[in-house]
Amino acid sequence: MSGEDKIKAEGICDVEDTVFVAVGKNVKEGKSVLSWALKSFAGRRICVLHVHQPNHLFSSKDGKLSGAKLKQHMVKACQELDRLRLHKLLNQYLLFISQAGIQGGKVWLEINNVEKGIIHIIEEHKIRWLVMGAAAETHYSKQLSELKSSKAKFVCQHAPMHCQIWFTCKECLIHTRSMKNSLSSSSESLSSPEDNGGTEMRNHVGNGYEDLNILENASIPANKIVKVEIKGDYSTLHEAHLHCATSQPLLEEGSFHGKASNDERSRVEQALMDAENSKQRALEESVKRWRAEEDAREAISMAEASYRLFKEKQVQRKEKEEIFAKQKEEIEELKIQHDLCLKKLQMIREKKPVLESQITESSCAGKELEEKIIQAVELLISFRKQRDEMQIERDNAIKQVNRFRKLVQDDANEYCIKNFFSISFSDIIEATQNFDPSSKIGEGKFGSVYKGMIHDVKVAIKMLPACGSFSDLDFQHEAESLSRVRHPNLVTLIGICSESRSLAYEFLENGNLEDHLACRKKSRPLHWQHRIRIAVEICSALIFVHANDPCIVHGNLRPTNILLDAKFVSKISDFGVHLLISQTEYSNNDDPEASVYVDPECIDKRQLTVESDVYSFGVILLRLLTARPASGIVREVKCALESGNLGSVLDSSAGDWPIEQVELLAYLALSCCEKDPLNRPNMLSEVWPTIEPMRDICKPNSDLNTSSQGSKSQKRIPPHFVCPIFQDVMEDPHIAADGYTYEGDAIKGWLYSGHDTSPMTNLKLDTCDLIPNYALYRAIQEWQQQS
Ligand SMILES: Nc1ncnc2c1ncn2[C@@H]1O[C@H](COP(=O)(O)OP(=O)(O)OP(=O)(O)O)[C@@H](O)[C@H]1O
């Protein structure tokens, strides 16, 4: 249905008879135009024409909306606002119309711009009469004589020719655009009283419009009721309708001519009254709506404010949530720390009673110790008297012993020099029971060895070859020189018989090393500690003879020449024997077993050197470690070391070897057995520093068959090594102000328990200071190492 049909169908007006008044948003200006139209076309149907431009303030393009829901909400709010604004605008006009009196109006809403919208409406509804403003508000003046508004100019130019338009300003007609063609036989231009077409208008009235009295001061019928209704889906805004219509069919045009009868008059009056009432209600309704609009606007602004507040709150909430999350993390951390602290506290609490009891025990022990110290000191003082007495007795006894010793020594020396060192052959015969085989203890390459007693001294008598190039005097002289070479690890030559070329040596109870390594003659295998100690002792003796002036090279060092005394202390025998026999005799003896120990270089060059003894020492060392036959021993040990399996060649009967030291000894032994003498180590500078520290691990212990422990315990402790309080050898000697040296702990305990007197003299100490006695400490250390 077209707009015109709609108008007609709704019975509002006939387009051809209706004067349309175009009003804008500016109510003041609109009222001015409307007022002119009402005045100029009083009695004619007036239709308010408002082309509405929806407000797009809140469109999504302005970027103020976000989120689908919010957008939807805001678009709705926008539309509602728009609707309310339009409503308000129209209400203002309707109020004005109702006050002024008007028959009806219709509004078309277009989303186009206003100018085009007006043209469009004129065209669509074939509007013939249109009144509109001629000036924008800025140009608004009574002197206006031409169209100022761009809107008016546009409409004036583009409006269809069948439409006559009056342009007004401040209720004055500024310009009239006459219709240029006649649409129908009845279409004539309608002139306002103010324009030139006024006559034409009157004529027009006379030609069928005589019921329209266009009077300057036309009174507004009081019984006109205006009803306002908004129809359609406003959101589309393409052609929504605001419908203003009379509550009843408009007053017939003839009602103003006074032709009606009395009944009719009364009906008209009644109708007018009804209309008046309706108008009143409409007014009230308008006021209500106005208030509602105000409320709605307020609500919208409140909604907007609320929305802004909501956004702010949202941001604040987010910030608070972040702060809260941080605080939560901090609390969690604090909680963990708190738990840890609690655990620690718990542990400390659990330990507390134990510590307390320990403290109590310690203090008790301290008190006990103090008491013991006091008792010891008291005891000491009482013993001191006894000691002093006994010391006097001891000194007297020592003096006597020394006197006797001197006497004995003098006798012995005299005897040795005169009688013993030079042994008679008869003594030799007697000692050996005339060389009885039962007295024979061994057979060397130079002769037999017998055991026997000469002047109650147990000796081993070695019989050298009787024939020789040496004279008796030379022999005696050489032997005397050898007898002066004394070392704890050399067998002492104590006498000779020049006549029989016999040498009398100190007798060693445990025979030779070879027998022990081979476990011959019921001998038991030696423990590894003994073996290492023997190696150290041999090394020591060799260094000693090599350092002798003149240097003595043994030249025949082998296990049969290493003898063991009753305490298994090893001693080298036969040193310097080659000096007592001729070179021919010495070199003639080719013992294949002995040759394994002989330096190959020495065999080649027939010359004895210090390095020859080094070589022999190397082979002996290998024998001590392995107890294997000397022949091929160097190769075997070398292979074992190379394959990392030294344990396979070690003598397991020696106990659990300390593998680290043994490996060191094996390498040392092999280096001693180097073919080139220059590659062999020096005994003093290389062998001794390696081997000597091992003496510590060879200290005798309970499982060893040795009497050395007994000897140590029996050894007299120097009295000044003993603490006067603890009565034991001091480990940390300190000198007190009384000049006495005490064990550090003992004297400290004495002083800390409140004493300020000397435990020895009982006199007051000048000071409680203690000075470490380093000299005594070193002396005690040395003494302990020797024992
Ligand atoms: N002072 C001694 N005390 C105890 N036994 C001894 C003593 N001297 C020698 N013997 C014993 O006599 C054995 C023979 O000694 P001797 O020195 O004559 O020959 P050897 O050492 O076996 O060989 P070599 O003739 O090459 O030295 C020794 O192996 C040892 O058992």
# chains A, B, ... in the order shown; residues from 1 in each chain; ligands from 1
call {"tool": "residues_around", "arguments": {"residues": "segment 726-740 of chain A", "least_positions_apart": "6", "cutoff": "8 Å", "atoms": "only C-alpha atoms", "output": "PDB file with N, CA and C atoms, in the first residue's frame"}}
result
ATOM      1  N   ALA A 376      94.183 -36.143  92.077  1.00  0.00           N
ATOM      2  CA  ALA A 376      95.469 -36.496  91.471  1.00  0.00           C
ATOM      3  C   ALA A 376      96.578 -35.584  91.961  1.00  0.00           C
ATOM      4  N   ILE A 717     110.704 -44.920  80.443  1.00  0.00           N
ATOM      5  CA  ILE A 717     110.211 -43.625  79.945  1.00  0.00           C
ATOM      6  C   ILE A 717     111.019 -42.529  80.643  1.00  0.00           C
ATOM      7  N   ALA A 746      95.595 -31.264  81.687  1.00  0.00           N
ATOM      8  CA  ALA A 746      95.677 -31.446  83.132  1.00  0.00           C
ATOM      9  C   ALA A 746      95.837 -30.113  83.852  1.00  0.00           C
ATOM     10  N   ILE A 747      96.795 -29.321  83.375  1.00  0.00           N
ATOM     11  CA  ILE A 747      97.053 -28.053  84.079  1.00  0.00           C
ATOM     12  C   ILE A 747      95.902 -27.070  83.858  1.00  0.00           C
ATOM     13  N   SER A 758     100.591 -23.736  92.445  1.00  0.00           N
ATOM     14  CA  SER A 758     101.293 -24.738  91.644  1.00  0.00           C
ATOM     15  C   SER A 758     100.962 -26.129  92.189  1.00  0.00           C
ATOM     16  N   MET A 760     102.766 -28.559  91.980  1.00  0.00           N
ATOM     17  CA  MET A 760     104.016 -29.167  92.424  1.00  0.00           C
ATOM     18  C   MET A 760     104.523 -28.537  93.729  1.00  0.00           C
ATOM     19  N   THR A 761     104.526 -27.213  93.790  1.00  0.00           N
ATOM     20  CA  THR A 761     105.110 -26.539  94.961  1.00  0.00           C
ATOM     21  C   THR A 761     104.056 -26.067  95.956  1.00  0.00           C
ATOM     22  N   LEU A 765     100.765 -19.097  92.111  1.00  0.00           N
ATOM     23  CA  LEU A 765     101.348 -18.853  90.786  1.00  0.00           C
ATOM     24  C   LEU A 765     101.280 -17.362  90.473  1.00  0.00           C
ATOM     25  N   ASP A 766     102.374 -16.836  89.887  1.00  0.00           N
ATOM     26  CA  ASP A 766     102.363 -15.408  89.519  1.00  0.00           C
ATOM     27  C   ASP A 766     101.313 -15.143  88.446  1.00  0.00           C
ATOM     28  N   THR A 767     101.200 -16.076  87.569  1.00  0.00           N
ATOM     29  CA  THR A 767     100.235 -15.916  86.461  1.00  0.00           C
ATOM     30  C   THR A 767      99.665 -17.293  86.091  1.00  0.00           C
ATOM     31  N   CYS A 768      98.516 -17.250  85.475  1.00  0.00           N
ATOM     32  CA  CYS A 768      97.903 -18.511  85.036  1.00  0.00           C
ATOM     33  C   CYS A 768      98.226 -18.809  83.572  1.00  0.00           C
ATOM     34  N   ASP A 769      99.116 -17.997  82.979  1.00  0.00           N
ATOM     35  CA  ASP A 769      99.476 -18.214  81.567  1.00  0.00           C
ATOM     36  C   ASP A 769     100.213 -19.530  81.408  1.00  0.00           C
ATOM     37  N   LEU A 770      99.977 -20.164  80.242  1.00  0.00           N
ATOM     38  CA  LEU A 770     100.644 -21.434  79.927  1.00  0.00           C
ATOM     39  C   LEU A 770     101.370 -21.271  78.590  1.00  0.00           C
ATOM     40  N   ILE A 771     102.599 -21.808  78.519  1.00  0.00           N
ATOM     41  CA  ILE A 771     103.368 -21.703  77.269  1.00  0.00           C
ATOM     42  C   ILE A 771     103.627 -23.114  76.742  1.00  0.00           C
ATOM     43  N   PRO A 772     103.294 -23.380  75.463  1.00  0.00           N
ATOM     44  CA  PRO A 772     103.563 -24.718  74.914  1.00  0.00           C
ATOM     45  C   PRO A 772     105.068 -25.016  74.925  1.00  0.00           C
ATOM     46  N   ASN A 773     105.423 -26.227  75.352  1.00  0.00           N
ATOM     47  CA  ASN A 773     106.839 -26.615  75.416  1.00  0.00           C
ATOM     48  C   ASN A 773     107.175 -27.417  74.150  1.00  0.00           C
ATOM     49  N   TYR A 774     107.498 -26.688  73.084  1.00  0.00           N
ATOM     50  CA  TYR A 774     107.724 -27.332  71.789  1.00  0.00           C
ATOM     51  C   TYR A 774     108.975 -28.226  71.799  1.00  0.00           C
ATOM     52  N   LEU A 776     110.233 -29.933  74.245  1.00  0.00           N
ATOM     53  CA  LEU A 776     109.923 -31.211  74.883  1.00  0.00           C
ATOM     54  C   LEU A 776     109.005 -32.058  73.994  1.00  0.00           C
ATOM     55  N   TYR A 777     108.075 -31.365  73.338  1.00  0.00           N
ATOM     56  CA  TYR A 777     107.146 -32.076  72.447  1.00  0.00           C
ATOM     57  C   TYR A 777     107.936 -32.833  71.367  1.00  0.00           C
ATOM     58  N   ILE A 780     109.792 -35.806  72.781  1.00  0.00           N
ATOM     59  CA  ILE A 780     108.883 -36.946  73.026  1.00  0.00           C
ATOM     60  C   ILE A 780     108.562 -37.650  71.713  1.00  0.00           C
TER      61      ILE A 780
END
call {"tool": "residues_near_ligand", "arguments": {"ligand": "ligand 1", "cutoff": "6 Å", "atoms": "only C-alpha atoms and all ligand atoms", "output": "PyMOL selection string"}}
result
chain A and resi 441-449+460+505-508+511-512+560-561+574
call {"tool": "select_by_dssp", "arguments": {"residues": "segment 647-755 of chain A", "states": "strand (DSSP E)", "output": "list in words"}}
result
Pro733, His734, Ile735, Thr741, Tyr742 and Glu743 of chain A
call {"tool": "residues_around", "arguments": {"residues": "segment 523-535 of chain A", "least_positions_apart": "3", "cutoff": "7 Å", "atoms": "only C-alpha atoms", "output": "ChimeraX atom specification"}}
result
/A:515-517,519-520,538-539,570,621,624,653-655,657,695,698
call {"tool": "write_last_selection", "arguments": {"atoms": "C-alpha atoms", "output": "mmCIF file, in the first residue's frame"}}
result
data_model
loop_
_atom_site.group_PDB
_atom_site.id
_atom_site.type_symbol
_atom_site.label_atom_id
_atom_site.label_comp_id
_atom_site.auth_asym_id
_atom_site.auth_seq_id
_atom_site.Cartn_x
_atom_site.Cartn_y
_atom_site.Cartn_z
ATOM 1 C CA ASP A 515 115.282 -69.862 54.486
ATOM 2 C CA HIS A 516 112.345 -67.744 55.640
ATOM 3 C CA LEU A 517 111.242 -66.838 52.115
ATOM 4 C CA CYS A 519 110.035 -71.615 54.407
ATOM 5 C CA ARG A 520 112.933 -73.949 54.930
ATOM 6 C CA ILE A 538 118.855 -53.281 54.057
ATOM 7 C CA CYS A 539 118.546 -49.974 52.262
ATOM 8 C CA SER A 570 117.758 -57.899 59.569
ATOM 9 C CA LEU A 621 113.023 -56.537 47.049
ATOM 10 C CA LEU A 624 110.501 -60.134 49.502
ATOM 11 C CA SER A 653 101.386 -66.048 52.794
ATOM 12 C CA ALA A 654 102.605 -62.588 53.897
ATOM 13 C CA GLY A 655 99.059 -61.423 54.706
ATOM 14 C CA TRP A 657 99.594 -56.437 51.350
ATOM 15 C CA ARG A 695 108.484 -47.822 58.082
ATOM 16 C CA CYS A 698 105.485 -51.668 59.587
#
call {"tool": "atom_distance", "arguments": {"atom1": "atom CA of Ser753 of chain A", "atom2": "atom CA of Leu369 of chain A"}}
result
9.6 Å
call {"tool": "atom_distance", "arguments": {"atom1": "atom CA of Gly618 of chain A", "atom2": "atom CA of Ile461 of chain A"}}
result
28.9 Å
call {"tool": "atom_distance", "arguments": {"atom1": "atom CA of Val596 of chain A", "atom2": "atom CA of Thr609 of chain A"}}
result
16.5 Å
call {"tool": "select_by_dssp", "arguments": {"residues": "segment 395-486 of chain A", "states": "alpha helix (DSSP H)", "output": "count of residues only"}}
result
41
call {"tool": "residues_around", "arguments": {"residues": "Ser471 of chain A", "least_positions_apart": "4", "cutoff": "12 Å", "atoms": "only C-alpha atoms", "output": "PyMOL selection string"}}
result
chain A and resi 466-467+475-478+498-501+580-582
call {"tool": "write_last_selection", "arguments": {"atoms": "N, CA and C atoms", "output": "CSV table (one decimal), in the first residue's frame"}}
result
chain,number,residue,atom,x,y,z
A,466,ALA,N,142.0,-71.0,53.3
A,466,ALA,CA,143.3,-70.9,54.1
A,466,ALA,C,144.4,-70.3,53.2
A,467,CYS,N,144.5,-70.8,52.0
A,467,CYS,CA,145.5,-70.3,51.1
A,467,CYS,C,145.1,-69.0,50.5
A,475,PHE,N,145.8,-59.4,56.4
A,475,PHE,CA,144.4,-60.0,56.8
A,475,PHE,C,143.9,-59.4,58.0
A,476,GLN,N,144.8,-59.3,59.0
A,476,GLN,CA,144.4,-58.8,60.3
A,476,GLN,C,144.0,-57.3,60.2
A,477,HIS,N,144.8,-56.6,59.4
A,477,HIS,CA,144.6,-55.2,59.3
A,477,HIS,C,143.3,-54.9,58.6
A,478,GLU,N,143.0,-55.7,57.5
A,478,GLU,CA,141.8,-55.5,56.7
A,478,GLU,C,140.6,-55.9,57.6
A,498,SER,N,143.7,-65.1,62.4
A,498,SER,CA,144.6,-64.9,61.2
A,498,SER,C,145.2,-66.3,60.8
A,499,GLU,N,145.5,-67.0,61.8
A,499,GLU,CA,146.1,-68.3,61.6
A,499,GLU,C,145.3,-69.2,60.7
A,500,SER,N,144.0,-69.3,61.0
A,500,SER,CA,143.1,-70.2,60.3
A,500,SER,C,142.2,-69.4,59.3
A,501,ARG,N,142.5,-68.1,59.2
A,501,ARG,CA,141.7,-67.2,58.3
A,501,ARG,C,140.2,-67.4,58.6
A,580,LEU,N,139.0,-59.6,51.9
A,580,LEU,CA,139.9,-60.4,52.7
A,580,LEU,C,140.4,-61.6,51.9
A,581,ILE,N,139.9,-61.8,50.7
A,581,ILE,CA,140.3,-62.9,49.9
A,581,ILE,C,140.9,-62.4,48.5
A,582,SER,N,141.6,-63.2,47.9
A,582,SER,CA,142.2,-62.7,46.6
A,582,SER,C,141.2,-62.6,45.5
